[in-house]
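Chemist: Structure: work_11.cif, mmCIF, C-alpha atoms.
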```cif
data_entry
loop_
_atom_site.group_PDB
_atom_site.id
_atom_site.type_symbol
_atom_site.label_atom_id
_atom_site.label_comp_id
_atom_site.auth_asym_id
_atom_site.auth_seq_id
_atom_site.Cartn_x
_atom_site.Cartn_y
_atom_site.Cartn_z
ATOM 1 C CA MET F 55 0.000 0.000 0.000
ATOM 2 C CA ASN F 56 1.269 3.489 -0.862
ATOM 3 C CA ASN F 57 2.122 5.289 2.371
ATOM 4 C CA GLY F 58 1.479 8.653 0.767
ATOM 5 C CA VAL F 59 -2.177 7.934 -0.023
ATOM 6 C CA PHE F 60 -3.334 8.048 3.599
ATOM 7 C CA ALA F 61 -0.997 10.594 5.137
ATOM 8 C CA ASP F 62 -3.254 12.060 7.802
ATOM 9 C CA TYR F 63 -3.975 9.233 10.207
ATOM 10 C CA LYS F 64 -2.053 7.278 12.813
ATOM 11 C CA ILE F 65 -2.670 3.976 14.583
ATOM 12 C CA PHE F 66 -1.825 3.617 18.265
ATOM 13 C CA ALA F 67 -1.823 0.538 20.465
ATOM 14 C CA GLY F 68 -2.618 0.080 24.115
ATOM 15 C CA ASN F 69 -1.414 -2.976 26.000
ATOM 16 C CA GLY F 70 -4.641 -4.926 25.368
ATOM 17 C CA ASN F 71 -3.550 -6.433 22.046
ATOM 18 C CA PRO F 72 -0.428 -4.727 20.626
ATOM 19 C CA GLU F 73 0.220 -7.628 18.233
ATOM 20 C CA LEU F 74 -3.112 -6.993 16.504
ATOM 21 C CA ALA F 75 -2.379 -3.269 16.234
ATOM 22 C CA GLU F 76 1.003 -4.018 14.679
ATOM 23 C CA GLU F 77 -0.595 -6.424 12.197
ATOM 24 C CA ILE F 78 -3.216 -3.847 11.213
ATOM 25 C CA ALA F 79 -0.578 -1.149 10.778
ATOM 26 C CA GLY F 80 1.623 -3.532 8.772
ATOM 27 C CA ILE F 81 -1.211 -4.282 6.330
ATOM 28 C CA MET F 82 -1.576 -0.535 5.835
ATOM 29 C CA GLY F 83 2.175 -0.045 5.328
ATOM 30 C CA ARG F 84 2.609 1.713 8.651
ATOM 31 C CA THR F 85 4.098 1.215 12.069
ATOM 32 C CA PRO F 86 2.037 1.965 15.192
ATOM 33 C CA GLY F 87 2.410 5.453 16.602
ATOM 34 C CA LYS F 88 4.900 5.946 19.398
ATOM 35 C CA ALA F 89 3.319 6.137 22.822
ATOM 36 C CA GLU F 90 4.394 5.139 26.295
ATOM 37 C CA VAL F 91 1.540 3.311 28.015
ATOM 38 C CA THR F 92 2.650 2.047 31.391
ATOM 39 C CA THR F 93 1.641 1.738 35.033
ATOM 40 C CA PHE F 94 3.069 3.498 38.086
ATOM 41 C CA ALA F 95 4.057 1.486 41.139
ATOM 42 C CA ASP F 96 0.697 2.251 42.793
ATOM 43 C CA GLY F 97 -1.249 0.912 39.795
ATOM 44 C CA GLU F 98 -2.129 4.220 38.133
ATOM 45 C CA VAL F 99 -2.003 4.187 34.323
ATOM 46 C CA TYR F 100 0.340 6.653 32.638
ATOM 47 C CA VAL F 101 0.231 7.616 28.950
ATOM 48 C CA ASN F 102 2.704 9.780 27.055
ATOM 49 C CA LEU F 103 2.349 10.380 23.313
ATOM 50 C CA GLN F 104 5.804 10.569 21.771
ATOM 51 C CA GLU F 105 4.802 12.028 18.410
ATOM 52 C CA THR F 106 2.383 14.702 17.191
ATOM 53 C CA VAL F 107 -1.268 13.937 16.506
ATOM 54 C CA ARG F 108 -2.409 17.534 15.921
ATOM 55 C CA GLY F 109 -5.244 17.610 13.398
ATOM 56 C CA LEU F 110 -4.899 13.915 12.531
ATOM 57 C CA ASP F 111 -7.329 11.011 12.533
ATOM 58 C CA VAL F 112 -6.112 8.687 15.279
ATOM 59 C CA TYR F 113 -7.161 5.052 15.749
ATOM 60 C CA ILE F 114 -6.532 3.523 19.170
ATOM 61 C CA VAL F 115 -6.582 -0.291 19.027
ATOM 62 C CA GLN F 116 -7.485 -1.546 22.485
ATOM 63 C CA PRO F 117 -9.781 -4.444 23.401
ATOM 64 C CA THR F 118 -11.104 -4.197 26.938
ATOM 65 C CA CYS F 119 -10.295 -7.812 27.768
ATOM 66 C CA ASN F 120 -8.592 -9.179 30.890
ATOM 67 C CA PRO F 121 -7.349 -7.199 32.830
ATOM 68 C CA VAL F 122 -10.592 -5.447 31.910
ATOM 69 C CA ASN F 123 -10.386 -2.402 34.173
ATOM 70 C CA ASN F 124 -6.731 -1.681 33.367
ATOM 71 C CA ASN F 125 -7.381 -1.917 29.640
ATOM 72 C CA LEU F 126 -10.478 0.274 29.897
ATOM 73 C CA MET F 127 -8.555 2.934 31.834
ATOM 74 C CA GLU F 128 -5.692 2.755 29.335
ATOM 75 C CA LEU F 129 -8.154 3.360 26.514
ATOM 76 C CA CYS F 130 -9.814 6.311 28.240
ATOM 77 C CA ILE F 131 -6.524 7.928 29.223
ATOM 78 C CA MET F 132 -5.162 7.468 25.686
ATOM 79 C CA ILE F 133 -8.324 9.123 24.331
ATOM 80 C CA ASP F 134 -7.874 12.009 26.777
ATOM 81 C CA ALA F 135 -4.198 12.394 25.809
ATOM 82 C CA MET F 136 -5.178 12.514 22.115
ATOM 83 C CA LYS F 137 -7.887 15.116 22.802
ATOM 84 C CA ARG F 138 -5.507 17.338 24.773
ATOM 85 C CA ALA F 139 -2.920 16.986 21.989
ATOM 86 C CA SER F 140 -5.486 18.377 19.487
ATOM 87 C CA ALA F 141 -6.104 15.216 17.464
ATOM 88 C CA GLY F 142 -8.627 15.742 14.659
ATOM 89 C CA ARG F 143 -10.895 12.685 15.116
ATOM 90 C CA ILE F 144 -10.375 10.118 17.848
ATOM 91 C CA ASN F 145 -11.511 6.607 16.896
ATOM 92 C CA ALA F 146 -11.580 3.902 19.577
ATOM 93 C CA VAL F 147 -11.059 0.520 17.899
ATOM 94 C CA ILE F 148 -12.330 -1.951 20.508
ATOM 95 C CA PRO F 149 -12.237 -5.454 18.954
ATOM 96 C CA TYR F 150 -13.661 -6.911 22.174
ATOM 97 C CA TYR F 151 -16.014 -4.771 24.264
ATOM 98 C CA GLY F 152 -15.759 -5.765 27.921
ATOM 99 C CA TYR F 153 -18.818 -5.549 30.215
ATOM 100 C CA ALA F 154 -21.065 -6.271 27.198
ATOM 101 C CA ARG F 155 -22.881 -9.035 29.092
ATOM 102 C CA GLN F 156 -24.123 -6.493 31.649
ATOM 103 C CA ASP F 157 -26.473 -4.957 29.080
ATOM 104 C CA ARG F 158 -29.764 -4.961 31.018
ATOM 105 C CA LYS F 159 -31.304 -5.323 34.469
ATOM 106 C CA ALA F 160 -31.710 -9.080 34.810
ATOM 107 C CA LYS F 161 -32.925 -8.700 38.396
ATOM 108 C CA PRO F 162 -33.762 -5.813 40.726
ATOM 109 C CA ARG F 163 -30.952 -3.367 41.574
ATOM 110 C CA ASP F 164 -28.627 -4.649 38.822
ATOM 111 C CA PRO F 165 -26.411 -2.052 37.131
ATOM 112 C CA ILE F 166 -26.333 -1.687 33.337
ATOM 113 C CA THR F 167 -22.568 -1.549 33.134
ATOM 114 C CA ALA F 168 -22.365 -1.775 29.342
ATOM 115 C CA LYS F 169 -24.126 1.617 29.208
ATOM 116 C CA LEU F 170 -21.867 3.047 31.917
ATOM 117 C CA VAL F 171 -18.769 2.001 29.942
ATOM 118 C CA ALA F 172 -20.216 3.614 26.809
ATOM 119 C CA ASP F 173 -20.729 6.850 28.762
ATOM 120 C CA ILE F 174 -17.171 6.736 30.116
ATOM 121 C CA ILE F 175 -15.633 6.236 26.658
ATOM 122 C CA THR F 176 -17.757 9.049 25.220
ATOM 123 C CA ALA F 177 -16.949 11.397 28.119
ATOM 124 C CA ALA F 178 -13.237 10.682 27.668
ATOM 125 C CA GLY F 179 -13.511 12.244 24.203
ATOM 126 C CA ALA F 180 -13.916 9.471 21.621
ATOM 127 C CA ASP F 181 -15.549 10.600 18.361
ATOM 128 C CA ARG F 182 -16.270 7.093 17.062
ATOM 129 C CA VAL F 183 -16.175 3.473 18.251
ATOM 130 C CA VAL F 184 -15.323 0.473 16.080
ATOM 131 C CA THR F 185 -16.088 -2.882 17.661
ATOM 132 C CA MET F 186 -16.849 -6.501 16.763
ATOM 133 C CA ASP F 187 -19.644 -8.936 17.590
ATOM 134 C CA LEU F 188 -21.148 -7.226 20.604
ATOM 135 C CA HIS F 189 -22.772 -9.698 22.978
ATOM 136 C CA ALA F 190 -25.943 -7.600 22.684
ATOM 137 C CA ALA F 191 -26.372 -5.577 19.482
ATOM 138 C CA GLN F 192 -28.419 -2.903 21.265
ATOM 139 C CA ILE F 193 -25.226 -1.679 22.985
ATOM 140 C CA GLN F 194 -24.646 0.364 19.813
ATOM 141 C CA GLY F 195 -27.534 2.542 21.014
ATOM 142 C CA TYR F 196 -25.846 3.176 24.362
ATOM 143 C CA PHE F 197 -23.433 5.556 22.610
ATOM 144 C CA ASN F 198 -24.254 9.093 21.445
ATOM 145 C CA ILE F 199 -21.415 8.892 18.914
ATOM 146 C CA PRO F 200 -21.154 6.744 15.739
ATOM 147 C CA VAL F 201 -20.542 3.040 16.346
ATOM 148 C CA ASP F 202 -19.329 0.749 13.557
ATOM 149 C CA HIS F 203 -20.303 -2.784 14.565
ATOM 150 C CA LEU F 204 -18.302 -5.336 12.564
ATOM 151 C CA ILE F 205 -19.285 -8.978 12.198
ATOM 152 C CA GLY F 206 -16.764 -11.816 12.382
ATOM 153 C CA LYS F 207 -19.060 -14.335 10.681
ATOM 154 C CA PRO F 208 -17.615 -13.948 7.141
ATOM 155 C CA ILE F 209 -14.116 -14.843 8.363
ATOM 156 C CA LEU F 210 -15.387 -17.934 10.188
ATOM 157 C CA THR F 211 -17.715 -19.082 7.400
ATOM 158 C CA ARG F 212 -14.900 -18.855 4.837
ATOM 159 C CA TYR F 213 -12.809 -21.132 7.024
ATOM 160 C CA PHE F 214 -15.539 -23.755 7.404
ATOM 161 C CA GLN F 215 -16.527 -23.465 3.754
ATOM 162 C CA GLU F 216 -13.046 -24.649 2.835
ATOM 163 C CA LYS F 217 -13.034 -27.300 5.556
ATOM 164 C CA PHE F 218 -16.370 -28.884 4.570
ATOM 165 C CA GLU F 219 -16.280 -28.103 0.865
ATOM 166 C CA GLY F 220 -18.551 -30.523 -0.992
ATOM 167 C CA ASN F 221 -19.906 -32.055 2.229
ATOM 168 C CA TRP F 222 -22.418 -29.467 3.498
ATOM 169 C CA ASP F 223 -25.343 -31.881 3.124
ATOM 170 C CA ASN F 224 -23.933 -33.639 6.169
ATOM 171 C CA VAL F 225 -23.436 -30.560 8.386
ATOM 172 C CA VAL F 226 -25.668 -29.048 11.070
ATOM 173 C CA VAL F 227 -25.044 -25.668 12.710
ATOM 174 C CA VAL F 228 -25.822 -25.682 16.427
ATOM 175 C CA SER F 229 -26.729 -22.824 18.741
ATOM 176 C CA PRO F 230 -25.423 -23.572 22.274
ATOM 177 C CA ASP F 231 -28.364 -21.649 23.803
ATOM 178 C CA HIS F 232 -31.477 -19.706 22.826
ATOM 179 C CA GLY F 233 -29.544 -16.420 22.769
ATOM 180 C CA SER F 234 -27.396 -17.547 19.843
ATOM 181 C CA VAL F 235 -30.178 -18.856 17.582
ATOM 182 C CA THR F 236 -30.104 -15.814 15.287
ATOM 183 C CA ARG F 237 -26.326 -16.094 15.026
ATOM 184 C CA ALA F 238 -26.515 -19.805 14.172
ATOM 185 C CA ARG F 239 -29.227 -19.232 11.571
ATOM 186 C CA SER F 240 -27.155 -16.475 9.924
ATOM 187 C CA PHE F 241 -24.069 -18.720 9.967
ATOM 188 C CA ALA F 242 -25.968 -21.610 8.351
ATOM 189 C CA LYS F 243 -27.734 -19.562 5.658
ATOM 190 C CA PRO F 244 -24.909 -19.377 3.052
ATOM 191 C CA PHE F 245 -24.597 -23.177 3.117
ATOM 192 C CA ASN F 246 -28.329 -23.923 3.299
ATOM 193 C CA ALA F 247 -27.491 -26.059 6.343
ATOM 194 C CA PRO F 248 -30.060 -26.986 9.031
ATOM 195 C CA ILE F 249 -29.711 -25.727 12.594
ATOM 196 C CA ALA F 250 -30.187 -27.302 16.006
ATOM 197 C CA ILE F 251 -30.676 -25.587 19.368
ATOM 198 C CA ILE F 252 -29.466 -26.537 22.832
ATOM 199 C CA ASP F 253 -32.149 -25.927 25.465
ATOM 200 C CA LYS F 254 -29.969 -24.924 28.392
ATOM 201 C CA ARG F 255 -30.720 -23.923 31.976
ATOM 202 C CA ARG F 256 -28.093 -22.046 33.976
ATOM 203 C CA PRO F 257 -28.386 -22.677 37.755
ATOM 204 C CA LYS F 258 -25.926 -19.859 38.588
ATOM 205 C CA ALA F 259 -23.342 -17.596 36.927
ATOM 206 C CA ASN F 260 -20.628 -19.338 34.895
ATOM 207 C CA GLU F 261 -22.344 -22.714 35.259
ATOM 208 C CA SER F 262 -24.604 -24.360 32.714
ATOM 209 C CA GLU F 263 -26.630 -27.553 32.454
ATOM 210 C CA ILE F 264 -27.706 -29.182 29.192
ATOM 211 C CA MET F 265 -31.418 -30.003 29.188
ATOM 212 C CA ASN F 266 -32.466 -30.906 25.636
ATOM 213 C CA ILE F 267 -31.468 -30.727 21.957
ATOM 214 C CA ILE F 268 -33.962 -29.346 19.452
ATOM 215 C CA GLY F 269 -33.133 -30.595 15.961
ATOM 216 C CA GLU F 270 -31.274 -33.488 14.310
ATOM 217 C CA VAL F 271 -27.569 -33.995 15.014
ATOM 218 C CA GLU F 272 -27.254 -37.763 14.629
ATOM 219 C CA GLY F 273 -24.955 -38.778 11.778
ATOM 220 C CA LYS F 274 -23.929 -35.188 11.071
ATOM 221 C CA HIS F 275 -20.864 -32.984 11.490
ATOM 222 C CA ALA F 276 -21.918 -30.352 14.029
ATOM 223 C CA ILE F 277 -20.588 -26.774 14.179
ATOM 224 C CA LEU F 278 -21.316 -24.936 17.436
ATOM 225 C CA VAL F 279 -21.500 -21.161 16.927
ATOM 226 C CA ASP F 280 -21.282 -18.475 19.631
ATOM 227 C CA ASP F 281 -20.052 -14.892 20.039
ATOM 228 C CA MET F 282 -17.609 -15.637 22.878
ATOM 229 C CA VAL F 283 -16.293 -18.469 25.031
ATOM 230 C CA ASP F 284 -15.601 -17.517 28.646
ATOM 231 C CA THR F 285 -15.313 -20.461 31.059
ATOM 232 C CA ALA F 286 -16.304 -22.844 28.196
ATOM 233 C CA GLY F 287 -18.883 -24.675 30.310
ATOM 234 C CA THR F 288 -21.751 -23.966 27.904
ATOM 235 C CA ILE F 289 -19.978 -24.883 24.688
ATOM 236 C CA CYS F 290 -18.219 -27.962 26.117
ATOM 237 C CA ASN F 291 -21.406 -29.334 27.708
ATOM 238 C CA ALA F 292 -23.187 -28.751 24.408
ATOM 239 C CA ALA F 293 -20.430 -30.522 22.469
ATOM 240 C CA ASN F 294 -20.486 -33.528 24.787
ATOM 241 C CA ALA F 295 -24.289 -33.763 24.554
ATOM 242 C CA ILE F 296 -24.215 -33.537 20.747
ATOM 243 C CA LYS F 297 -21.581 -36.253 20.538
ATOM 244 C CA LYS F 298 -23.671 -38.526 22.777
ATOM 245 C CA MET F 299 -26.620 -37.920 20.467
ATOM 246 C CA GLY F 300 -24.651 -39.492 17.599
ATOM 247 C CA ALA F 301 -22.923 -36.573 15.860
ATOM 248 C CA LEU F 302 -20.047 -37.695 13.614
ATOM 249 C CA SER F 303 -17.838 -34.826 14.798
ATOM 250 C CA VAL F 304 -18.135 -31.587 16.743
ATOM 251 C CA GLN F 305 -16.425 -28.368 15.693
ATOM 252 C CA ALA F 306 -16.949 -24.979 17.343
ATOM 253 C CA CYS F 307 -16.276 -21.347 16.605
ATOM 254 C CA ALA F 308 -16.640 -17.982 18.305
ATOM 255 C CA THR F 309 -15.338 -14.482 17.776
ATOM 256 C CA HIS F 310 -13.910 -13.780 21.228
ATOM 257 C CA ALA F 311 -11.586 -16.172 23.108
ATOM 258 C CA VAL F 312 -12.153 -14.901 26.661
ATOM 259 C CA LEU F 313 -11.121 -18.329 28.058
ATOM 260 C CA SER F 314 -11.275 -17.678 31.796
ATOM 261 C CA GLY F 315 -10.421 -20.121 34.576
ATOM 262 C CA PRO F 316 -10.811 -23.784 33.564
ATOM 263 C CA ALA F 317 -11.810 -22.994 29.941
ATOM 264 C CA VAL F 318 -8.746 -24.377 28.157
ATOM 265 C CA GLN F 319 -8.746 -27.629 30.135
ATOM 266 C CA ARG F 320 -12.474 -28.059 29.545
ATOM 267 C CA ILE F 321 -11.955 -27.637 25.798
ATOM 268 C CA GLN F 322 -9.074 -30.097 25.889
ATOM 269 C CA ASP F 323 -11.204 -32.691 27.708
ATOM 270 C CA SER F 324 -14.373 -32.139 25.649
ATOM 271 C CA ALA F 325 -15.756 -33.755 22.495
ATOM 272 C CA ILE F 326 -14.776 -30.667 20.482
ATOM 273 C CA GLU F 327 -12.306 -31.659 17.763
ATOM 274 C CA GLU F 328 -11.398 -28.056 16.860
ATOM 275 C CA ILE F 329 -12.533 -24.645 18.037
ATOM 276 C CA VAL F 330 -11.844 -21.561 15.935
ATOM 277 C CA PHE F 331 -11.528 -18.036 17.346
ATOM 278 C CA LEU F 332 -10.696 -14.626 15.948
ATOM 279 C CA ASN F 333 -7.749 -12.740 17.453
ATOM 280 C CA THR F 334 -9.797 -9.914 18.984
ATOM 281 C CA ILE F 335 -8.297 -11.016 22.318
ATOM 282 C CA PRO F 336 -4.642 -12.098 22.491
ATOM 283 C CA LEU F 337 -4.063 -15.757 23.294
ATOM 284 C CA PRO F 338 -1.176 -16.267 25.751
ATOM 285 C CA PRO F 339 1.188 -19.212 25.131
ATOM 286 C CA GLU F 340 -0.300 -21.341 27.930
ATOM 287 C CA LYS F 341 -3.712 -21.235 26.200
ATOM 288 C CA LYS F 342 -2.445 -22.297 22.784
ATOM 289 C CA ILE F 343 -3.413 -25.945 22.473
ATOM 290 C CA ASP F 344 -3.814 -28.067 19.354
ATOM 291 C CA LYS F 345 -7.620 -27.907 19.503
ATOM 292 C CA ILE F 346 -7.627 -24.088 19.348
ATOM 293 C CA LYS F 347 -7.156 -22.313 16.010
ATOM 294 C CA THR F 348 -7.014 -18.522 15.630
ATOM 295 C CA LEU F 349 -7.898 -16.487 12.540
ATOM 296 C CA SER F 350 -6.908 -12.837 12.141
ATOM 297 C CA VAL F 351 -9.289 -9.869 12.039
ATOM 298 C CA ALA F 352 -6.460 -7.499 11.066
ATOM 299 C CA PRO F 353 -7.368 -7.358 7.331
ATOM 300 C CA LEU F 354 -10.996 -6.526 8.201
ATOM 301 C CA LEU F 355 -10.009 -3.833 10.703
ATOM 302 C CA ALA F 356 -7.418 -2.354 8.327
ATOM 303 C CA GLU F 357 -10.031 -2.086 5.566
ATOM 304 C CA THR F 358 -12.481 -0.563 8.054
ATOM 305 C CA ILE F 359 -9.997 2.107 9.125
ATOM 306 C CA ILE F 360 -9.260 3.015 5.499
ATOM 307 C CA ARG F 361 -12.967 3.343 4.726
ATOM 308 C CA ILE F 362 -13.644 5.452 7.822
ATOM 309 C CA PHE F 363 -10.757 7.773 7.005
ATOM 310 C CA THR F 364 -11.832 8.133 3.356
ATOM 311 C CA ASN F 365 -15.534 8.413 4.297
ATOM 312 C CA ASN F 366 -16.528 5.300 2.365
ATOM 313 C CA PRO F 367 -19.363 2.932 3.411
ATOM 314 C CA LEU F 368 -18.793 -0.151 5.551
ATOM 315 C CA SER F 369 -22.091 -1.860 4.761
ATOM 316 C CA ASN F 370 -20.649 -4.558 2.486
ATOM 317 C CA LEU F 371 -17.862 -5.574 4.882
ATOM 318 C CA SER F 372 -20.187 -8.020 6.652
ATOM 319 C CA ASN F 373 -20.970 -9.998 3.517
#
```
Show me the file's structure as structure tokens.
Modeler:
Amino acid sequence: MNNGVFADYKIFAGNGNPELAEEIAGIMGRTPGKAEVTTFADGEVYVNLQETVRGLDVYIVQPTCNPVNNNLMELCIMIDAMKRASAGRINAVIPYYGYARQDRKAKPRDPITAKLVADIITAAGADRVVTMDLHAAQIQGYFNIPVDHLIGKPILTRYFQEKFEGNWDNVVVVSPDHGSVTRARSFAKPFNAPIAIIDKRRPKANESEIMNIIGEVEGKHAILVDDMVDTAGTICNAANAIKKMGALSVQACATHAVLSGPAVQRIQDSAIEEIVFLNTIPLPPEKKIDKIKTLSVAPLLAETIIRIFTNNPLSNLSN
């Protein structure tokens, strides 16, 4: 790519996923902007921009994954530093939006933390948010600034299209719970594949119990589809149940590899043959096992940044 074509923007990275920021910048023929993002001995976040941003479009690549609060504060302080340095437009590129599961009052006196986080990011001075596969799509409406909500489905479907090429008559797409039915149906549509649904009851947070399977999985290759995998209880229980029901094989995919606590061991011990994630969240070495495959979102995010900067539409990026 010609560096001179897009001369008025810079990409900066927080500590949430610097490898992804570097990959995005590399695709665009750039290097990430120079900034010191560190922590004082007492835990306070410190940001120092080491090059000018005056009048420029800046893109801060920072998922708010674990450690969630540190990464969120880094993002907000970087936004504030850009604003005080007279940046032209400040774009927060948040591949994974933390607190997205706290999107409503599920019981009395619950906070709606996803809205609070949106308010904090807006108050810090962001002009636009770019994010991927929000747990609840309505979170876009929590912001009073433009939100570009990207979908990871095309990247995942291309992968499975190649994997099952010529054998889609024998594939079923499975939703691990009722909340992912729309996602599973959308995933299955290009292949004209049937779907199945896991009827799940969750006795308490981060625990799930398989109750029933709606649809045919016997004698088929099953693909479980979700937006994120946290402790992996839901998706592993679903995989084991599907296998017991006579599925030939069980694959899985999700955009965000949160993978908290026992998740990796559960995946290793489960009936899942392969689970595919996007690299919205960095995967540390101890979580890289043979069953886990990661695909890059850098080309999609690079194209998105170019289109935002040149004021071109993003509508066909999700196809």
Chemist: Could you produce a table of the residues of region 134-210 of chain F lying within 12 Å of region 351-365 of chain F, with the nearest pair of atoms per residue and their separation in Å rounded to one decimal, using only C-alpha atoms, ordered by chain and increasing residue number, as JSON lines?
Modeler:
```
{"residue": "F:Gly142", "atom": "CA", "partner": "F:Phe363", "partner_atom": "CA", "distance": 11.3}
{"residue": "F:Arg143", "atom": "CA", "partner": "F:Phe363", "partner_atom": "CA", "distance": 9.5}
{"residue": "F:Ile144", "atom": "CA", "partner": "F:Phe363", "partner_atom": "CA", "distance": 11.1}
{"residue": "F:Asn145", "atom": "CA", "partner": "F:Ile359", "partner_atom": "CA", "distance": 9.1}
{"residue": "F:Ala146", "atom": "CA", "partner": "F:Ile359", "partner_atom": "CA", "distance": 10.7}
{"residue": "F:Val147", "atom": "CA", "partner": "F:Leu355", "partner_atom": "CA", "distance": 8.5}
{"residue": "F:Ile148", "atom": "CA", "partner": "F:Leu355", "partner_atom": "CA", "distance": 10.3}
{"residue": "F:Pro149", "atom": "CA", "partner": "F:Leu355", "partner_atom": "CA", "distance": 8.7}
{"residue": "F:Tyr150", "atom": "CA", "partner": "F:Val351", "partner_atom": "CA", "distance": 11.4}
{"residue": "F:Asp181", "atom": "CA", "partner": "F:Ile362", "partner_atom": "CA", "distance": 11.9}
{"residue": "F:Arg182", "atom": "CA", "partner": "F:Ile362", "partner_atom": "CA", "distance": 9.7}
{"residue": "F:Val183", "atom": "CA", "partner": "F:Ile362", "partner_atom": "CA", "distance": 10.9}
{"residue": "F:Val184", "atom": "CA", "partner": "F:Thr358", "partner_atom": "CA", "distance": 8.6}
{"residue": "F:Thr185", "atom": "CA", "partner": "F:Leu355", "partner_atom": "CA", "distance": 9.3}
{"residue": "F:Met186", "atom": "CA", "partner": "F:Leu355", "partner_atom": "CA", "distance": 9.5}
{"residue": "F:Asp187", "atom": "CA", "partner": "F:Val351", "partner_atom": "CA", "distance": 11.8}
{"residue": "F:Pro200", "atom": "CA", "partner": "F:Ile362", "partner_atom": "CA", "distance": 11.0}
{"residue": "F:Val201", "atom": "CA", "partner": "F:Ile362", "partner_atom": "CA", "distance": 11.2}
{"residue": "F:Asp202", "atom": "CA", "partner": "F:Thr358", "partner_atom": "CA", "distance": 8.9}
{"residue": "F:His203", "atom": "CA", "partner": "F:Thr358", "partner_atom": "CA", "distance": 10.4}
{"residue": "F:Leu204", "atom": "CA", "partner": "F:Leu354", "partner_atom": "CA", "distance": 8.6}
{"residue": "F:Ile205", "atom": "CA", "partner": "F:Leu354", "partner_atom": "CA", "distance": 9.5}
{"residue": "F:Gly206", "atom": "CA", "partner": "F:Val351", "partner_atom": "CA", "distance": 7.7}
{"residue": "F:Lys207", "atom": "CA", "partner": "F:Val351", "partner_atom": "CA", "distance": 10.8}
{"residue": "F:Pro208", "atom": "CA", "partner": "F:Leu354", "partner_atom": "CA", "distance": 10.0}
{"residue": "F:Ile209", "atom": "CA", "partner": "F:Val351", "partner_atom": "CA", "distance": 7.8}
{"residue": "F:Leu210", "atom": "CA", "partner": "F:Val351", "partner_atom": "CA", "distance": 10.3}
```
Chemist: Could you please take those selected residues and save C-alpha atoms as an mmCIF file, in the frame of the given file?
Modeler:
```
data_model
loop_
_atom_site.group_PDB
_atom_site.id
_atom_site.type_symbol
_atom_site.label_atom_id
_atom_site.label_comp_id
_atom_site.auth_asym_id
_atom_site.auth_seq_id
_atom_site.Cartn_x
_atom_site.Cartn_y
_atom_site.Cartn_z
ATOM 1 C CA GLY F 142 -8.627 15.742 14.659
ATOM 2 C CA ARG F 143 -10.895 12.685 15.116
ATOM 3 C CA ILE F 144 -10.375 10.118 17.848
ATOM 4 C CA ASN F 145 -11.511 6.607 16.896
ATOM 5 C CA ALA F 146 -11.580 3.902 19.577
ATOM 6 C CA VAL F 147 -11.059 0.520 17.899
ATOM 7 C CA ILE F 148 -12.330 -1.951 20.508
ATOM 8 C CA PRO F 149 -12.237 -5.454 18.954
ATOM 9 C CA TYR F 150 -13.661 -6.911 22.174
ATOM 10 C CA ASP F 181 -15.549 10.600 18.361
ATOM 11 C CA ARG F 182 -16.270 7.093 17.062
ATOM 12 C CA VAL F 183 -16.175 3.473 18.251
ATOM 13 C CA VAL F 184 -15.323 0.473 16.080
ATOM 14 C CA THR F 185 -16.088 -2.882 17.661
ATOM 15 C CA MET F 186 -16.849 -6.501 16.763
ATOM 16 C CA ASP F 187 -19.644 -8.936 17.590
ATOM 17 C CA PRO F 200 -21.154 6.744 15.739
ATOM 18 C CA VAL F 201 -20.542 3.040 16.346
ATOM 19 C CA ASP F 202 -19.329 0.749 13.557
ATOM 20 C CA HIS F 203 -20.303 -2.784 14.565
ATOM 21 C CA LEU F 204 -18.302 -5.336 12.564
ATOM 22 C CA ILE F 205 -19.285 -8.978 12.198
ATOM 23 C CA GLY F 206 -16.764 -11.816 12.382
ATOM 24 C CA LYS F 207 -19.060 -14.335 10.681
ATOM 25 C CA PRO F 208 -17.615 -13.948 7.141
ATOM 26 C CA ILE F 209 -14.116 -14.843 8.363
ATOM 27 C CA LEU F 210 -15.387 -17.934 10.188
#
```
Chemist: Would you kindly return, as a list in words, each protein, DNA or RNA residue with an atom no farther than 8 Å from any atom of Arg239 (chain F), considering all atoms listed in the file and excluding same-chain residues fewer than 4 positions away?
Modeler: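 Non-adjacent residues within range: Val227, Val235, Lys243 and Ile249 of chain F.
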Chemist: For CA of Ile321 (chain F) and CA of Lys298 (chain F), quote the distance in Å rounded to one decimal.
Modeler: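 Going from CA of Ile321 (chain F) over to CA of Lys298 (chain F) covers 16.3 Å.
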Chemist: For the provided coordinates, the residues matched by the PyMOL selection byres ((chain F and resi 317) around 12) should be stated as a count of residues only.
Modeler: 30
Chemist: Excluding region 98-101 of chain F and any residue of its chain fewer than 4 positions from it, enumerate the residues within 9 Å of it, using all atoms listed in the file, and give them as a ChimeraX atom specification.
Modeler: /F:89-94,124,127-128,131-132,135
Chemist: Find the residue from F:Asp62, F:Ser234, F:Ser369, F:Glu73 that sits nearest to Pro338 (chain F); use all atoms listed in the file when measuring.
Modeler: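 Smallest separation from Pro338 (chain F) among the options: F:Glu73.
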Chemist: For region 88-92 of chain F, what centre and edge lengths in Å (one decimal) does the axis-aligned box get once 8 Å is added on each side of all its listed atoms, as AutoDock Vina command-line options?
Modeler:
```
--center_x 3.2 --center_y 4.1 --center_z 25.4 --size_x 19.4 --size_y 20.1 --size_z 28.0
```
